[in-house]
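Data file: start.txt. Format and content: compact mmCIF, C-alpha atoms.
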```
# COMPACT_ATOMS: atom_id res chain seq x y z
CA LYS A 1 24.27 22.35 39.77
CA LYS A 2 20.65 21.26 39.25
CA ALA A 3 17.55 22.97 40.61
CA ASN A 4 16.54 21.63 44.03
CA ILE A 5 12.83 22.43 43.64
CA ARG A 6 11.60 19.10 42.26
CA GLY A 7 10.05 15.84 43.42
CA ALA A 8 9.16 15.78 47.12
CA ASN A 9 10.62 19.28 47.58
CA LEU A 10 8.26 20.66 44.96
CA PHE A 11 5.31 18.98 46.70
CA VAL A 12 6.26 20.51 50.08
CA LYS A 13 6.73 23.97 48.51
CA ARG A 14 3.37 23.76 46.75
CA LEU A 15 1.64 22.68 49.97
CA LEU A 16 3.11 25.72 51.75
CA ASP A 17 1.96 27.98 48.91
CA ILE A 18 -1.63 26.72 48.94
CA THR A 19 -1.98 26.77 52.73
CA LEU A 20 -0.56 30.24 53.38
CA SER A 21 -2.15 31.85 50.31
CA SER A 22 -5.60 30.54 51.24
CA VAL A 23 -5.34 31.91 54.79
CA LEU A 24 -3.97 35.29 53.67
CA LEU A 25 -6.64 35.70 50.98
CA ILE A 26 -9.39 35.24 53.56
CA LEU A 27 -7.75 37.71 55.96
CA LEU A 28 -7.19 40.30 53.23
CA LEU A 29 -10.68 40.33 51.69
CA PRO A 30 -11.96 43.25 53.86
CA VAL A 31 -8.78 45.22 53.08
CA TRP A 32 -9.24 44.54 49.36
CA GLY A 33 -12.69 46.14 49.52
CA ILE A 34 -11.21 49.36 50.93
CA ILE A 35 -8.40 49.33 48.37
CA ALA A 36 -10.83 48.83 45.48
CA LEU A 37 -12.93 51.80 46.62
CA ALA A 38 -9.85 54.01 47.05
CA ILE A 39 -8.59 53.17 43.54
CA LYS A 40 -11.97 53.95 41.94
CA LEU A 41 -12.26 57.27 43.80
CA ASP A 42 -8.68 58.30 43.02
CA SER A 43 -8.47 57.83 39.24
CA PRO A 44 -10.52 56.53 36.30
CA GLY A 45 -9.91 52.95 35.21
CA PRO A 46 -10.20 49.37 36.45
CA VAL A 47 -9.38 48.23 39.99
CA PHE A 48 -7.13 45.39 38.85
CA PHE A 49 -4.24 45.44 36.39
CA LEU A 50 -3.44 42.25 34.50
CA GLN A 51 0.03 42.08 32.98
CA GLN A 52 1.71 39.43 30.87
CA ARG A 53 4.64 37.88 32.74
CA VAL A 54 6.96 34.94 32.09
CA GLY A 55 6.73 31.99 34.50
CA LYS A 56 8.50 28.71 35.06
CA ASN A 57 10.23 27.30 31.97
CA GLY A 58 9.24 30.41 30.01
CA LYS A 59 5.49 29.80 30.22
CA PRO A 60 3.54 33.09 30.01
CA PHE A 61 0.77 33.99 32.46
CA LYS A 62 -1.25 37.03 33.51
CA ALA A 63 -0.06 38.47 36.83
CA ILE A 64 -2.83 40.16 38.85
CA LYS A 65 -2.16 43.41 40.72
CA PHE A 66 -4.15 46.33 42.04
CA ARG A 67 -3.80 49.17 39.52
CA SER A 68 -1.25 51.65 40.85
CA MET A 69 -0.69 53.68 37.66
CA ARG A 70 -2.90 55.76 35.44
CA VAL A 71 -4.52 54.04 32.47
CA GLY A 72 -2.18 53.85 29.46
CA ALA A 73 0.98 53.88 31.58
CA GLU A 74 2.59 50.99 29.66
CA GLU A 75 2.43 52.97 26.41
CA GLU A 76 4.31 55.83 28.11
CA GLN A 77 7.33 53.74 29.14
CA ALA A 78 9.35 54.33 25.97
CA ALA A 79 9.20 58.09 26.52
CA LEU A 80 10.60 57.62 30.05
CA ALA A 81 13.43 55.27 29.07
CA GLN A 82 16.14 57.85 29.83
CA LEU A 83 14.93 58.01 33.47
CA ASN A 84 15.42 54.27 34.10
CA GLU A 85 17.35 53.72 37.35
CA ALA A 86 17.71 49.92 37.15
CA SER A 87 20.54 47.94 35.58
CA GLY A 88 20.09 45.16 33.02
CA PRO A 89 16.78 44.48 31.26
CA ILE A 90 14.64 45.98 34.04
CA PHE A 91 12.75 49.28 33.99
CA LYS A 92 12.46 51.09 37.34
CA ILE A 93 11.94 54.73 38.32
CA ARG A 94 11.86 55.56 42.02
CA ASN A 95 9.47 58.51 41.56
CA ASP A 96 7.54 57.26 38.53
CA PRO A 97 5.25 60.09 37.30
CA ARG A 98 2.70 57.53 36.07
CA VAL A 99 1.89 56.28 39.58
CA THR A 100 -1.37 57.55 41.11
CA ARG A 101 -1.73 58.95 44.64
CA VAL A 102 -3.30 55.73 45.92
CA GLY A 103 -0.79 53.78 43.85
CA LYS A 104 2.13 55.33 45.75
CA TRP A 105 0.67 54.10 49.03
CA LEU A 106 -0.11 50.65 47.59
CA ARG A 107 3.45 50.27 46.31
CA ARG A 108 5.03 51.52 49.52
CA THR A 109 3.10 48.89 51.49
CA SER A 110 3.34 46.25 48.70
CA LEU A 111 -0.45 45.82 48.94
CA ASP A 112 -0.66 46.27 45.16
CA GLU A 113 0.85 42.78 44.76
CA THR A 114 -1.45 40.91 47.19
CA PRO A 115 -3.89 39.83 44.40
CA GLN A 116 -1.03 37.64 43.19
CA PHE A 117 -1.99 35.21 45.96
CA LEU A 118 -4.56 34.15 43.32
CA ASN A 119 -1.68 33.47 40.89
CA VAL A 120 -0.06 31.36 43.63
CA LEU A 121 -3.23 29.33 44.16
CA ARG A 122 -3.46 28.72 40.40
CA GLY A 123 0.12 27.42 40.39
CA GLU A 124 1.45 30.20 38.15
CA MET A 125 3.51 31.69 40.97
CA SER A 126 4.92 30.72 44.35
CA LEU A 127 5.10 32.70 47.58
CA VAL A 128 8.91 32.67 47.27
CA GLY A 129 10.88 32.65 44.04
CA PRO A 130 12.52 34.86 41.39
CA ARG A 131 10.75 38.05 40.35
CA PRO A 132 8.33 37.35 37.45
CA PRO A 133 9.92 39.05 34.41
CA LEU A 134 8.22 40.79 31.51
CA PRO A 135 8.44 39.14 28.05
CA HIS A 136 10.65 41.88 26.60
CA GLU A 137 13.03 41.52 29.56
CA VAL A 138 13.41 37.78 28.87
CA GLU A 139 14.15 38.54 25.21
CA ASN A 140 17.28 40.38 26.41
CA TYR A 141 18.44 37.63 28.77
CA ASP A 142 21.81 35.93 28.40
CA ASP A 143 21.87 32.13 28.78
CA PHE A 144 22.83 32.45 32.45
CA HIS A 145 19.90 34.81 33.13
CA ARG A 146 17.49 32.16 31.83
CA ARG A 147 18.38 29.91 34.76
CA ARG A 148 16.06 32.01 36.91
CA LEU A 149 13.17 30.61 34.84
CA GLU A 150 13.80 27.13 36.28
CA ALA A 151 11.49 27.90 39.22
CA ALA A 152 8.03 29.42 39.54
CA PRO A 153 8.26 33.20 40.07
CA GLY A 154 7.56 34.45 43.58
CA LEU A 155 5.81 37.25 45.42
CA THR A 156 9.01 37.66 47.40
CA GLY A 157 12.49 36.24 47.09
CA LEU A 158 16.04 36.12 48.37
CA TRP A 159 17.16 39.34 46.68
CA GLN A 160 14.00 41.22 47.67
CA VAL A 161 14.82 40.75 51.36
CA SER A 162 18.51 41.44 50.77
CA GLY A 163 18.21 44.83 49.09
CA ARG A 164 15.20 44.58 46.78
CA SER A 165 15.42 46.82 43.68
CA GLU A 166 18.63 48.47 44.87
CA LEU A 167 20.70 45.46 43.74
CA PRO A 168 22.29 45.31 40.24
CA PHE A 169 20.49 42.91 37.89
CA ASP A 170 23.33 40.38 37.60
CA GLU A 171 23.52 40.20 41.40
CA MET A 172 19.77 39.56 41.50
CA VAL A 173 20.20 36.68 39.06
CA LEU A 174 23.05 35.17 41.11
CA MET A 175 20.82 35.22 44.20
CA ASP A 176 17.89 33.71 42.27
CA VAL A 177 20.10 30.88 40.97
CA TYR A 178 21.51 30.27 44.47
CA TYR A 179 17.93 30.03 45.77
CA ILE A 180 16.89 27.59 43.03
CA GLU A 181 19.92 25.35 43.60
CA ASN A 182 19.78 25.42 47.40
CA TRP A 183 16.05 25.51 48.12
CA SER A 184 14.79 24.15 51.42
CA PHE A 185 11.58 24.52 53.42
CA GLY A 186 13.56 26.41 56.05
CA LEU A 187 14.92 28.84 53.45
CA ASP A 188 11.38 29.69 52.28
CA ILE A 189 10.23 30.27 55.87
CA ASN A 190 13.30 32.44 56.54
CA ILE A 191 12.63 34.59 53.45
CA LEU A 192 8.92 34.94 54.30
CA LEU A 193 9.77 36.05 57.85
CA ARG A 194 12.31 38.58 56.52
CA THR A 195 9.85 39.95 53.95
CA LEU A 196 7.56 41.72 56.42
CA PRO A 197 10.31 43.96 57.93
CA ALA A 198 11.57 44.73 54.40
CA VAL A 199 8.06 45.78 53.32
CA ILE A 200 7.43 47.83 56.48
CA SER A 201 10.72 49.69 56.09
CA GLY A 202 10.02 50.25 52.39
CA ARG A 203 13.65 49.37 51.61
CA GLY A 204 14.18 49.48 47.84
CA ALA A 205 10.44 49.49 47.11
```

Here is the file; what I need is its structure written in the form of structure tokens.
Amino acid sequence: KKANIRGANLFVKRLLDITLSSVLLILLLPVWGIIALAIKLDSPGPVFFLQQRVGKNGKPFKAIKFRSMRVGAEEEQAALAQLNEASGPIFKIRNDPRVTRVGKWLRRTSLDETPQFLNVLRGEMSLVGPRPPLPHEVENYDDFHRRRLEAAPGLTGLWQVSGRSELPFDEMVLMDVYYIENWSFGLDINILLRTLPAVISGRGA
């Protein structure tokens, strides 16, 4: 089955992305100022963390997040490999020792990802879509896994509101592919409305 996010559907989805992201960015600016100050006071290093991710059709881009880990955290990942709690080509530790004090709060509230509204405005991401994978994760994808690259990655998605990181990787991919093949404006609105309770509860974060 072909992806349903194309033509007029793609135009409608993009219009939703631009409208909502613009409004949310304006509303969040005062909060961003407080977050930036908290990060600087909590640990040495930059306020923002730019990370290479893989977007639609395998195109790389720099995802923008508030820094939630200590500087040099990426270089420490190999040493923590045995603690990985996720299945498939994903690395996830529930109580990651690299996360700062402010970072724990940012992750619990998902505020660390709000700068990605800028990625949405630039067209590199969408409000709703598959999770943006890391390049080394994509290198380990099977052919079926690559189907999730047929849509722009999202800030939230179907599997995030259905269990978030608690789901096995293959189940995540199945849900991503279902979303891509069955996209509708109503589905995006439904997922966005379900995202807030999932974030507030911290389920699977």

Taking into account only C-alpha atoms, which residue in the set A:Gly157, A:Leu111, A:Pro46, A:Lys59 is nearest to A:Leu187?
A:Gly157

Got a sec: who's within 6 Å of A:Gln116, counting only C-alpha atoms, leaving out chain neighbours fewer than 3 positions off, as an MDAnalysis selection string?
chainID A and resid 64 113 119

Give the centre and edge lengths of an axis-aligned box, in Å to one decimal, that holds all listed atoms of stretch 146-163 of chain A with 8 Å on each side, as JSON.
```
{"center_x": 12.2, "center_y": 36.0, "center_z": 41.6, "size_x": 28.7, "size_y": 33.7, "size_z": 35.5}
```

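When atom CA of A:Ile34 is paired with atom CA of A:Leu106, their separation reads 11.7 Å.
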
Identify, on the basis of only C-alpha atoms, every residue whose closest approach to stretch 183-185 of chain A does not exceed 8 Å; exclude the query and any residue fewer than 2 positions from it along the same chain; express the result as a ChimeraX atom specification.
/A:4-5,9,12-13,179-181,187-189

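With distances taken over all atoms listed in the file, A:Val54 is the one residue among A:Val71, A:Ala36, A:Val54, A:Ala198 lying closest to A:Ala152.
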
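Minimum atom-to-atom distance to A:Val102, evaluated using only C-alpha atoms, belongs to A:Leu41 out of A:Ile191, A:Leu41, A:Leu29, A:Ala8.
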
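The list of residues with at least one atom within 8 Å of A:Leu134, based on only C-alpha atoms and without residues fewer than 4 positions apart in the same chain, reads Gln52, Arg53, Val54 and Val138 of chain A.
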
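The shortest atom-to-atom distance to A:Val173, with only C-alpha atoms taken into account, belongs to A:Pro130 out of A:Pro130, A:Pro135, A:Pro44, A:Pro197.
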